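Visitor: Sending over a structure as structure tokens; questions will come in a sec.
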Amino acid sequence: MIVIRSALRHGVVRAALVIGVVLAYGVGLWMTLLRHFEGGHHHGGPSLLVHWLGAATIALPFVILSVGSALALARSLTGREHHSLFARRAVAAAAAAPAASLAFAAAYPARVWLFGASEVDALPPPVRIARDTLLSLAIALPVAALGASLALREGRARHVARVRLVALAGAACLAAALGGSVHAADPGPGAPCPVGAPVKSFDVQAINVDITLNRFGDHDPTGKMYVLSNRVGDVRAEEHAPLPNRVSTGLREDPIQALVIRANEGDCVQINFTNNASGGPFGVHIDGLSFESGSSGDEVGQNFPSDVALGASRMYRYFVPNDPTLEGAHYMRPGPGNRQAVAHGLFGVLAVEPPGSSYLNVTTGAPLESGWEASIVPGNGRPAFREFVQIYHEVGDEDFLISTKDGDFVPQVDPFTTSYRPDARAMNYRSEAFMNRLAQAPEQESQGYGSYTFGDPATPMMRGYLKDPTKIRLVHGGGEMFHVFHLHGGGDRWRFNPLADPTNDYGKTGLNKQAIETSQSTRLDSQAIGPGESYNLEIEGGAGAVQQAAGDFLYHCHIAEHYISGMWSFWRVYNTKQPDLAPLPDRVPPPDAVDSSQLIGKTFNGTTISAGYLDCWIRQQLPPQGVPHSDQDSSVWNWTTAPSNPQIYLGEPEDKGPWPDLPNLSAAHPGSLITDLAPGQIVSTPSGDRPKIMFDPTNGRPAWPLMRPHIGDRPPFSGNGHTGAPWLGETGNVPIPNGPSVNPYAGRNDGLCPNSAPLRKFNVVAITLPIKNTKTLTDPTGMIYTLAQDKDGVYAGTKPAQPLAIRSNIGDCDAVTLTSEETDATQASGFAKVNMHIHHVQFDPNASDGVITGMSYEQSVRPYKAEDPTLTAAAAV
Ligand SMILES: [Cu+2]
């Protein structure tokens with residue numbers, strides 16, 4: 001009461017009113033502008049003028065009270081009568097500025113209530129108030145000085161000052177109003193579509209999301225995504241689901257994935273967009289379609305901004321011209337200036353299909369609303385095809401740290417391989433860095449892509465049946481660096497420009513030993529791709545390629561540091577029906593797999609399988625039977641027959657885990673594939689639960705995949721003397737044996753090499769030796785392939801140490817035997833392993849890719865001098 005009376009006496013109330021008004025509106029303007037330039041202002045929301053006046057007016061009573069208290073306190077501490085006018089103004093300004101700043105900052109809940117939240121609202125309240133107070137202070141001090149000069153005057157000057165104050169405020173309002181109205185008027189979504197065009201409508205949101213990158217739980221808690229509004233609940237459920245099954249192996253239909261929606265040539269597309277993600281404003285911009293400026297989804301030049309504020313909505317409308325060249329993936333993202341949001345996942349694809357196409361769920365065959373994989377049934381009568389939209393991207397910028405499931409950060413350098421930024425090289429929000437796998441078994445580096453040693457990855461795994469027509473829509477969704485898509489399999493190729501080449505026909509699939517030698521459009525098995533680019537890959541021969549092999553076909557970014565850091569997966573091509581893969585509707589469904597006993601009585605390639613022939617038929621198609629003596633023993637595979645029925649062949653005892661990349665479809669059988677979980681498929685034996693080995697009933701070959709994961713262990717080599725073609729067979733049309741024996745590889749028209757093909761044999765040795773690179777510099781640990789007959793000369797220096805170049809003619813059959821004389825001591829890992837991968841020739845990926853992909857056999861070799869016994873005396877002859 002004493003303070004108030006004192007304040008009244010000294011005119012503090014009047015001063016607080018004047019200085020408070022000046023400060024509330026001055027600080028308010030400053031903070032509104034700051035927020036605008038931070039990106040927190042909401043296009044489509046209130047104008048800058050309304051924002052400023054609203055914020056300042058809400059804060060005004062708090063500011064006046066706070067300033068009044070500060071002035072009274074200062075007055076009581078310093079007195080008045082003995083100070084000059086200048087000193088009184090200085091004291092008043094010094095007291096009022098921090099008080100007003102604090103009051104303005106503390107009033108933010110009222111502003112949030114009025115204008116909605118922005119990304120900075122996520123700060124804890126004390127931190128936010130402190131931040132805003134300091135930010136305000138920069139402008140509050142000069143404004144408070146102005147206010148003090150207006151409020152504290154001698155005699156008649158006070159009236160003049162108040163007139164000036166009113167004039168000043170009016171001018172400010174006018175300037176702000178003019179500044180807020182320079183944009184053009186909102187043109188709306190526009191009308192680009194012709195009358196009668198079919199309309200496809202999507203309700204899309206931008207949201208914040210915690211993106212889990214793999215089953216080891218590495219994640220980006222600052223992720224953002226586009227999502228269909230009806231999937232937001234599923235996204236929230238996935239965010240909090242328990243590991244490891246929070247994310248599926250192979251991506252599948254998980255709700256948290258980059259949005260892929262579809263439309264047809266000739267369609268009109270409407271997106272009803274709501275921005276629920278912080279850090280915006282955000283919109284939707286789609287490349288390569290017809291739209292008017294109001295559907296650009298961004299903020300460019302003097303156009304009306306068609307992005308929207310947090311919580312606001314807007315409709316975008318596009319026309320997809322009826323033009324075959326538009327088929328494929330059209331990149332979708334917010335407009336320019338949103339690089340960070342894109343780096344954390346705010347991108348997607350509108351895939352354009354032939355006119356009248358319908359889209360089917362690959363698992364069920366039911367109509368599909370969205371998703372990276374689809375079965376497309378064209379409306380133009382062309383064959384149905386599998387579509388896989390692969391979106392390559394980086395996670396965060398190069399300084400961003402990815403979180404682990406335990407709240408730590410993923411290291412910037414993989415401790416096992418020295419690859420940089422593990423988990424930051426991703427496809428469709430997934431990354432399967434070798435680092436997490438090698439932590440379990442560091443010496444199995446050559447099995448990094450292997451499912452036997454480490455399980456199937458969380459990255460998008462394409463699936464199909466032999467001969468399925470297949471198109472890959474390749475998109476770069478990131479913004480930082482180039483990637484090089486490469487598909488393994490040798491015969492897996494595509495035209496650079498499929499539409500420009502009349503020799504290309506995506507629907508012409510199946511075995512082709514005489515693929516045309518030249519094509520108008522270059523045939524590729526690798527495609528470099530930069531930010532925002534998109535390519536259509538129509539795979540020659542379809543699933544299994546022209547050699548028609550069942551198996552796992554690797555694809556990855558060709559840049560080693562990128563695939564080691566997670567940018568890889570594979571294409572699993574089945575030869576028998578799967579419960580979770582609907583056949584394409586216009587194709588003959590693949591056969592249901594049968595167990596070995598059901599092969600009896602069937603005739604394959606002229607050979608009828610009697611009970612007596614069964615073991616011979618099967619044994620020749622499997623690795624040698626035996627129990628490995630260590631996790632590096634790949635000479636045998638531990639298969640057997642059922643105790644109750646010797647005509648039932650069983651695979652290895654199941655790996656019971658735990659391990660994140662086991663299928664984990666059943667708690668009792670974590671290592672089992674979905675086909676094993678049908679009744680009767682798992683047989684208990686004294687050595688463990690074993691799945692039945694299943695077969696294709698039409699040709700007696702094992703159903704792919706033959707093996708199951710055995711975490712940490714080296715897979716076996718293929719049978720029949722480490723044959724390079726265990727599934728296809730090495731030679732076509734081998735004569736069927738007469739008499740009491742069977743040859744499962746006889747009489748095949750798809751044996752890898754036609755039996756008339758000239759055979760070339762190459763014995764290649766990987767060796768380590770010093771290699772002179774320049775006149776003065778030598779690489780002490782050079783490593784090269786050399787022909788066995790050249791090896792001694794290369795070691796001795798009488799033959800040059802140079803990259804191996806071998807030659808063959810089109811139509812030749814090449815048999816390469818690889819051995820290693822590398823040394824462990826010269827390897828960074830201390831454990832030498834070598835393999836060999838060749839492009840653009842047909843081979844059986846199960847054993848001749850060189851790279852051990854998925855459930856393929858071992859194809860990397862250790863130095864024989866380190867592994868094999870050495871004779872210490874001449875052997876008796
Ligand atoms: Cu790359």
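Note on naming: chains are A, B, ... as they come in the structure tokens, residues start from 1 per chain, ligands start from 1 in the order shown.
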Would you give me, as JSON lines, each residue of chain A having an atom within 10 Å of an atom of ligand 1, along with its shortest atom pair and that distance in Å to one decimal, using only C-alpha atoms and all ligand atoms and sorting by chain and residue number?
Guide:
```
{"residue": "A:Tyr392", "atom": "CA", "partner": "ligand 1", "partner_atom_place_in_ligand_line": "1 (Cu)", "distance": 8.0}
{"residue": "A:His393", "atom": "CA", "partner": "ligand 1", "partner_atom_place_in_ligand_line": "1 (Cu)", "distance": 8.5}
{"residue": "A:Glu394", "atom": "CA", "partner": "ligand 1", "partner_atom_place_in_ligand_line": "1 (Cu)", "distance": 8.9}
{"residue": "A:Arg425", "atom": "CA", "partner": "ligand 1", "partner_atom_place_in_ligand_line": "1 (Cu)", "distance": 7.1}
{"residue": "A:Ala426", "atom": "CA", "partner": "ligand 1", "partner_atom_place_in_ligand_line": "1 (Cu)", "distance": 8.9}
{"residue": "A:Met481", "atom": "CA", "partner": "ligand 1", "partner_atom_place_in_ligand_line": "1 (Cu)", "distance": 7.3}
{"residue": "A:Phe482", "atom": "CA", "partner": "ligand 1", "partner_atom_place_in_ligand_line": "1 (Cu)", "distance": 5.9}
{"residue": "A:His483", "atom": "CA", "partner": "ligand 1", "partner_atom_place_in_ligand_line": "1 (Cu)", "distance": 3.4}
{"residue": "A:Val484", "atom": "CA", "partner": "ligand 1", "partner_atom_place_in_ligand_line": "1 (Cu)", "distance": 5.6}
{"residue": "A:Phe485", "atom": "CA", "partner": "ligand 1", "partner_atom_place_in_ligand_line": "1 (Cu)", "distance": 7.7}
{"residue": "A:Ala528", "atom": "CA", "partner": "ligand 1", "partner_atom_place_in_ligand_line": "1 (Cu)", "distance": 8.8}
{"residue": "A:Ile529", "atom": "CA", "partner": "ligand 1", "partner_atom_place_in_ligand_line": "1 (Cu)", "distance": 8.7}
{"residue": "A:Gly530", "atom": "CA", "partner": "ligand 1", "partner_atom_place_in_ligand_line": "1 (Cu)", "distance": 9.5}
{"residue": "A:His556", "atom": "CA", "partner": "ligand 1", "partner_atom_place_in_ligand_line": "1 (Cu)", "distance": 8.1}
{"residue": "A:Cys557", "atom": "CA", "partner": "ligand 1", "partner_atom_place_in_ligand_line": "1 (Cu)", "distance": 4.6}
{"residue": "A:His558", "atom": "CA", "partner": "ligand 1", "partner_atom_place_in_ligand_line": "1 (Cu)", "distance": 6.3}
{"residue": "A:Ile559", "atom": "CA", "partner": "ligand 1", "partner_atom_place_in_ligand_line": "1 (Cu)", "distance": 5.0}
{"residue": "A:Ala560", "atom": "CA", "partner": "ligand 1", "partner_atom_place_in_ligand_line": "1 (Cu)", "distance": 7.8}
{"residue": "A:Glu561", "atom": "CA", "partner": "ligand 1", "partner_atom_place_in_ligand_line": "1 (Cu)", "distance": 7.6}
{"residue": "A:His562", "atom": "CA", "partner": "ligand 1", "partner_atom_place_in_ligand_line": "1 (Cu)", "distance": 4.8}
{"residue": "A:Tyr563", "atom": "CA", "partner": "ligand 1", "partner_atom_place_in_ligand_line": "1 (Cu)", "distance": 7.0}
{"residue": "A:Ile564", "atom": "CA", "partner": "ligand 1", "partner_atom_place_in_ligand_line": "1 (Cu)", "distance": 9.9}
{"residue": "A:Ser565", "atom": "CA", "partner": "ligand 1", "partner_atom_place_in_ligand_line": "1 (Cu)", "distance": 9.4}
{"residue": "A:Gly566", "atom": "CA", "partner": "ligand 1", "partner_atom_place_in_ligand_line": "1 (Cu)", "distance": 9.7}
{"residue": "A:Met567", "atom": "CA", "partner": "ligand 1", "partner_atom_place_in_ligand_line": "1 (Cu)", "distance": 7.1}
{"residue": "A:Trp568", "atom": "CA", "partner": "ligand 1", "partner_atom_place_in_ligand_line": "1 (Cu)", "distance": 9.6}
```
Visitor: Could you write out, as a VMD selection string, all the residues of region 189-247 of chain A that DSSP marks as helix (DSSP H, G or I)?
Guide: chain A and resid 229 to 239
Visitor: Given the selection you just returned, output its residues as a file containing N, CA and C atoms, formatted as a PDB file, in the first residue's frame.
Guide:
```pdb
ATOM      1  N   SER A 229      -4.374 -39.590 -43.839  1.00  0.00           N
ATOM      2  CA  SER A 229      -4.985 -39.275 -42.540  1.00  0.00           C
ATOM      3  C   SER A 229      -5.521 -40.523 -41.850  1.00  0.00           C
ATOM      4  N   ASN A 230      -5.997 -41.489 -42.643  1.00  0.00           N
ATOM      5  CA  ASN A 230      -6.555 -42.683 -42.005  1.00  0.00           C
ATOM      6  C   ASN A 230      -5.491 -43.650 -41.499  1.00  0.00           C
ATOM      7  N   ARG A 231      -4.214 -43.319 -41.681  1.00  0.00           N
ATOM      8  CA  ARG A 231      -3.136 -44.181 -41.173  1.00  0.00           C
ATOM      9  C   ARG A 231      -2.393 -43.567 -39.991  1.00  0.00           C
ATOM     10  N   VAL A 232      -2.797 -42.369 -39.563  1.00  0.00           N
ATOM     11  CA  VAL A 232      -2.054 -41.706 -38.485  1.00  0.00           C
ATOM     12  C   VAL A 232      -2.098 -42.546 -37.205  1.00  0.00           C
ATOM     13  N   GLY A 233      -3.255 -43.133 -36.920  1.00  0.00           N
ATOM     14  CA  GLY A 233      -3.364 -43.974 -35.723  1.00  0.00           C
ATOM     15  C   GLY A 233      -2.414 -45.170 -35.799  1.00  0.00           C
ATOM     16  N   ASP A 234      -2.296 -45.770 -36.985  1.00  0.00           N
ATOM     17  CA  ASP A 234      -1.382 -46.912 -37.156  1.00  0.00           C
ATOM     18  C   ASP A 234       0.067 -46.471 -36.979  1.00  0.00           C
ATOM     19  N   VAL A 235       0.371 -45.265 -37.461  1.00  0.00           N
ATOM     20  CA  VAL A 235       1.734 -44.734 -37.294  1.00  0.00           C
ATOM     21  C   VAL A 235       2.058 -44.578 -35.812  1.00  0.00           C
ATOM     22  N   ARG A 236       1.114 -44.023 -35.053  1.00  0.00           N
ATOM     23  CA  ARG A 236       1.373 -43.827 -33.615  1.00  0.00           C
ATOM     24  C   ARG A 236       1.544 -45.172 -32.920  1.00  0.00           C
ATOM     25  N   ALA A 237       0.781 -46.163 -33.347  1.00  0.00           N
ATOM     26  CA  ALA A 237       0.920 -47.495 -32.736  1.00  0.00           C
ATOM     27  C   ALA A 237       2.296 -48.081 -33.053  1.00  0.00           C
ATOM     28  N   GLU A 238       2.756 -47.901 -34.301  1.00  0.00           N
ATOM     29  CA  GLU A 238       4.071 -48.454 -34.656  1.00  0.00           C
ATOM     30  C   GLU A 238       5.189 -47.753 -33.891  1.00  0.00           C
ATOM     31  N   GLU A 239       5.037 -46.456 -33.681  1.00  0.00           N
ATOM     32  CA  GLU A 239       6.083 -45.727 -32.946  1.00  0.00           C
ATOM     33  C   GLU A 239       6.396 -46.372 -31.600  1.00  0.00           C
TER      34      GLU A 239
END
```
Visitor: Within region 307-368 of chain A, find each residue whose DSSP state, derived from the backbone, is strand (DSSP E or B), and express the selection as a list of chain:residue names.
Guide: A:Val308, A:Ser313, A:Arg314, A:Met315, A:Tyr316, A:Arg317, A:Tyr318, A:Phe319, A:Gly328, A:Ala329, A:His330, A:Tyr331, A:Met332, A:Arg333, A:Gly348, A:Val349, A:Leu350, A:Ala351, A:Val352, A:Glu353, A:Ser358, A:Tyr359, A:Leu360, A:Pro367
Visitor: A:Leu581, A:Ile256, A:Leu360, A:Met315: which is nearest Val284 (chain A), counting only C-alpha atoms?
Guide: A:Met315
Visitor: Could you tell me how far CA of Val308 (chain A) lies from CA of Gly280 (chain A), in Å and to one decimal?
Guide: 7.7 Å
Visitor: Give me, as a list in words, all polymer residues having an atom no more than 6 Å from region 692-708 of chain A, counting only C-alpha atoms and skipping those fewer than 2 positions away in the same chain.
Guide: Tyr574, Ala593, Val594, Asp595, Phe604, Tyr649, Leu650, Gly651 and Gln681 of chain A
Visitor: May I have the residues within 12 Å of Ala241 (chain A) as a list of chain:residue names, using only C-alpha atoms and disregarding those fewer than 5 positions away in the same chain?
Guide: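 Contacts, in chain order: A:Asp210, A:Ile211, A:Thr212, A:Arg215, A:Gly217, A:Asp234, A:Val235, A:Arg236, A:Arg246, A:Val247, A:Ser248, A:Asp254, A:Pro255, A:Ile256.
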Visitor: Hey, can you check how far CA of Gly11 (chain A) sits from CA of Ala148 (chain A)?
Guide: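 Here the two named atoms are 12.6 Å from each other.
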Visitor: If you measure from CA of Ala96 (chain A) to CA of Thr57 (chain A), what distance in Å do you get, rounded to one decimal?
Guide: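 Rounded to one decimal, the two atoms are 17.5 Å apart.
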Visitor: Which of these residues is nearest to Val588 (chain A), using only C-alpha atoms: A:Asp814, A:Asp689, A:Arg317, A:Tyr465?
Guide: A:Tyr465
Visitor: Got a sec: who's within 12 Å of Ile609 (chain A), counting only C-alpha atoms, leaving out chain neighbours fewer than 2 positions off, as a list in words?
Guide: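 These residues fall inside the cut-off: Ser596, Ser597, Gln598, Leu599, Ile600, Gly601, Lys602, Thr603, Phe604, Asn605, Gly606, Thr607, Ala611, Gly612, Tyr613, Leu614, Asp615, Cys616, Trp617, Ile618, Gln647, Pro697, Asn699, Gly700, Pro740, Ser741, Val742, Asn743 and Pro744 of chain A.
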Visitor: Could the residues in this selection be saved with N, CA, C and O atoms as a tab-separated table (two decimals), in the first residue's frame?
Guide:
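Everything below was put into out_8.tsv:
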```tsv
chain	number	residue	atom	x	y	z
A	596	SER	N	9.42	-83.94	-49.49
A	596	SER	CA	10.16	-84.87	-50.35
A	596	SER	C	9.38	-86.15	-50.63
A	596	SER	O	9.48	-86.71	-51.73
A	597	SER	N	8.58	-86.60	-49.66
A	597	SER	CA	7.86	-87.85	-49.89
A	597	SER	C	6.87	-87.71	-51.04
A	597	SER	O	6.55	-88.69	-51.71
A	598	GLN	N	6.42	-86.50	-51.28
A	598	GLN	CA	5.43	-86.27	-52.35
A	598	GLN	C	6.06	-86.20	-53.73
A	598	GLN	O	5.36	-86.05	-54.72
A	599	LEU	N	7.40	-86.28	-53.77
A	599	LEU	CA	8.07	-86.34	-55.08
A	599	LEU	C	7.99	-87.75	-55.67
A	599	LEU	O	8.14	-87.93	-56.89
A	600	ILE	N	7.78	-88.73	-54.82
A	600	ILE	CA	7.81	-90.12	-55.27
A	600	ILE	C	6.67	-90.35	-56.27
A	600	ILE	O	5.52	-89.97	-56.02
A	601	GLY	N	7.05	-90.93	-57.37
A	601	GLY	CA	6.07	-91.23	-58.42
A	601	GLY	C	5.98	-90.14	-59.48
A	601	GLY	O	5.38	-90.35	-60.53
A	602	LYS	N	6.57	-88.98	-59.20
A	602	LYS	CA	6.53	-87.91	-60.20
A	602	LYS	C	7.68	-88.09	-61.20
A	602	LYS	O	8.73	-88.65	-60.88
A	603	THR	N	7.46	-87.60	-62.41
A	603	THR	CA	8.47	-87.70	-63.45
A	603	THR	C	8.98	-86.30	-63.80
A	603	THR	O	8.19	-85.40	-64.10
A	604	PHE	N	10.28	-86.13	-63.68
A	604	PHE	CA	10.90	-84.83	-63.99
A	604	PHE	C	11.93	-85.03	-65.10
A	604	PHE	O	12.87	-85.81	-64.96
A	605	ASN	N	11.79	-84.31	-66.18
A	605	ASN	CA	12.75	-84.36	-67.29
A	605	ASN	C	13.04	-85.80	-67.71
A	605	ASN	O	14.18	-86.16	-67.97
A	606	GLY	N	12.03	-86.60	-67.72
A	606	GLY	CA	12.21	-87.97	-68.19
A	606	GLY	C	12.62	-88.96	-67.11
A	606	GLY	O	12.79	-90.14	-67.40
A	607	THR	N	12.82	-88.51	-65.90
A	607	THR	CA	13.19	-89.41	-64.81
A	607	THR	C	12.03	-89.52	-63.83
A	607	THR	O	11.54	-88.51	-63.32
A	611	ALA	N	10.81	-94.65	-54.90
A	611	ALA	CA	11.27	-94.52	-53.51
A	611	ALA	C	12.78	-94.76	-53.44
A	611	ALA	O	13.49	-94.12	-52.68
A	612	GLY	N	13.26	-95.68	-54.26
A	612	GLY	CA	14.69	-95.99	-54.23
A	612	GLY	C	15.55	-94.88	-54.80
A	612	GLY	O	16.72	-94.74	-54.47
A	613	TYR	N	14.99	-94.06	-55.70
A	613	TYR	CA	15.75	-92.96	-56.29
A	613	TYR	C	15.72	-91.68	-55.46
A	613	TYR	O	16.46	-90.74	-55.72
A	614	LEU	N	14.80	-91.65	-54.48
A	614	LEU	CA	14.53	-90.37	-53.80
A	614	LEU	C	15.79	-89.77	-53.19
A	614	LEU	O	16.10	-88.58	-53.39
A	615	ASP	N	16.53	-90.60	-52.42
A	615	ASP	CA	17.71	-90.05	-51.73
A	615	ASP	C	18.74	-89.53	-52.73
A	615	ASP	O	19.32	-88.46	-52.55
A	616	CYS	N	18.93	-90.26	-53.80
A	616	CYS	CA	19.90	-89.86	-54.82
A	616	CYS	C	19.49	-88.53	-55.47
A	616	CYS	O	20.31	-87.64	-55.70
A	617	TRP	N	18.19	-88.42	-55.74
A	617	TRP	CA	17.66	-87.20	-56.35
A	617	TRP	C	17.88	-85.98	-55.45
A	617	TRP	O	18.32	-84.92	-55.90
A	618	ILE	N	17.61	-86.16	-54.17
A	618	ILE	CA	17.69	-85.02	-53.25
A	618	ILE	C	19.14	-84.73	-52.85
A	618	ILE	O	19.58	-83.57	-52.85
A	647	GLN	N	11.53	-90.84	-45.69
A	647	GLN	CA	11.28	-90.18	-46.98
A	647	GLN	C	11.03	-88.67	-46.83
A	647	GLN	O	10.83	-87.98	-47.81
A	697	PRO	N	6.87	-79.17	-57.02
A	697	PRO	CA	6.36	-80.45	-57.51
A	697	PRO	C	6.41	-80.58	-59.02
A	697	PRO	O	6.16	-81.65	-59.56
A	699	ASN	N	9.19	-79.72	-60.92
A	699	ASN	CA	10.52	-80.05	-61.44
A	699	ASN	C	11.43	-80.68	-60.40
A	699	ASN	O	12.58	-80.99	-60.70
A	700	GLY	N	10.94	-80.86	-59.16
A	700	GLY	CA	11.72	-81.57	-58.16
A	700	GLY	C	12.88	-80.78	-57.58
A	700	GLY	O	13.77	-81.34	-56.93
A	740	PRO	N	20.69	-97.78	-63.22
A	740	PRO	CA	20.23	-97.56	-61.83
A	740	PRO	C	20.80	-96.29	-61.19
A	740	PRO	O	21.48	-96.37	-60.17
A	741	SER	N	20.63	-95.16	-61.80
A	741	SER	CA	21.04	-93.90	-61.15
A	741	SER	C	20.17	-92.78	-61.69
A	741	SER	O	19.54	-92.92	-62.74
A	742	VAL	N	20.13	-91.69	-60.96
A	742	VAL	CA	19.39	-90.52	-61.43
A	742	VAL	C	20.29	-89.31	-61.38
A	742	VAL	O	21.22	-89.24	-60.57
A	743	ASN	N	20.03	-88.37	-62.25
A	743	ASN	CA	20.76	-87.10	-62.24
A	743	ASN	C	19.73	-85.98	-62.26
A	743	ASN	O	19.09	-85.73	-63.29
A	744	PRO	N	19.55	-85.29	-61.13
A	744	PRO	CA	18.52	-84.25	-61.10
A	744	PRO	C	18.83	-83.09	-62.04
A	744	PRO	O	17.96	-82.27	-62.32
```
Visitor: Near region 404-415 of chain A, counting only C-alpha atoms, which residues have an atom at most 7 Å away, once you skip same-chain residues fewer than 5 positions from it, shown as a list of chain:residue names?
Guide: A:Gly217, A:Asp218, A:His219, A:Tyr420, A:Arg421, A:Pro422, A:Met435
Visitor: Between A:Ala184, A:Val227, A:Leu871, A:Ala94, single out the one closest to Phe304 (chain A), counting only C-alpha atoms.
Guide: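 Of A:Ala184, A:Val227, A:Leu871, A:Ala94, the one nearest Phe304 (chain A), counting only C-alpha atoms, is A:Ala184.
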Visitor: Quick one: residues within 10 Å of Ser295 (chain A), only C-alpha atoms, excluding same-chain residues fewer than 5 positions away - as a VMD selection string?
Guide: chain A and resid 187 to 192 270 to 271 283 to 286 290 305 to 307 314 to 318
Visitor: Give me the residues of region 243-296 of chain A that have any atom at most 12 Å from an atom of region 665-670 of chain A; for each, the nearest atom pair and the distance in Å, rounded to one decimal. Use only C-alpha atoms, sort by chain and number, and format it as a tab-separated table.
Guide:
```
residue	atom	partner	partner_atom	distance
A:Pro244	CA	A:Leu665	CA	11.0
A:Asn245	CA	A:Leu665	CA	8.7
A:Ser248	CA	A:Leu665	CA	10.0
A:Thr249	CA	A:Leu665	CA	10.6
```
Visitor: From the set A:Ala642, A:Ala100, A:Ala815, A:Ala796, which residue has the shortest atom-to-atom contact distance to Asn763 (chain A), counting only C-alpha atoms?
Guide: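 Smallest distance to Asn763 (chain A) is found for A:Ala815.
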Visitor: For Leu622 (chain A), which of A:Lys791, A:Arg437, A:Arg463, A:His722 is the closest residue, counting only C-alpha atoms?
Guide: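 With only C-alpha atoms as the atom set, the closest residue is A:His722.
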Visitor: Rank A:Ala309, A:Leu146, A:Val195, A:Leu673 by their smallest atom-to-atom distance to Gly297 (chain A), using only C-alpha atoms, and report the top residue only.
Guide: A:Ala309
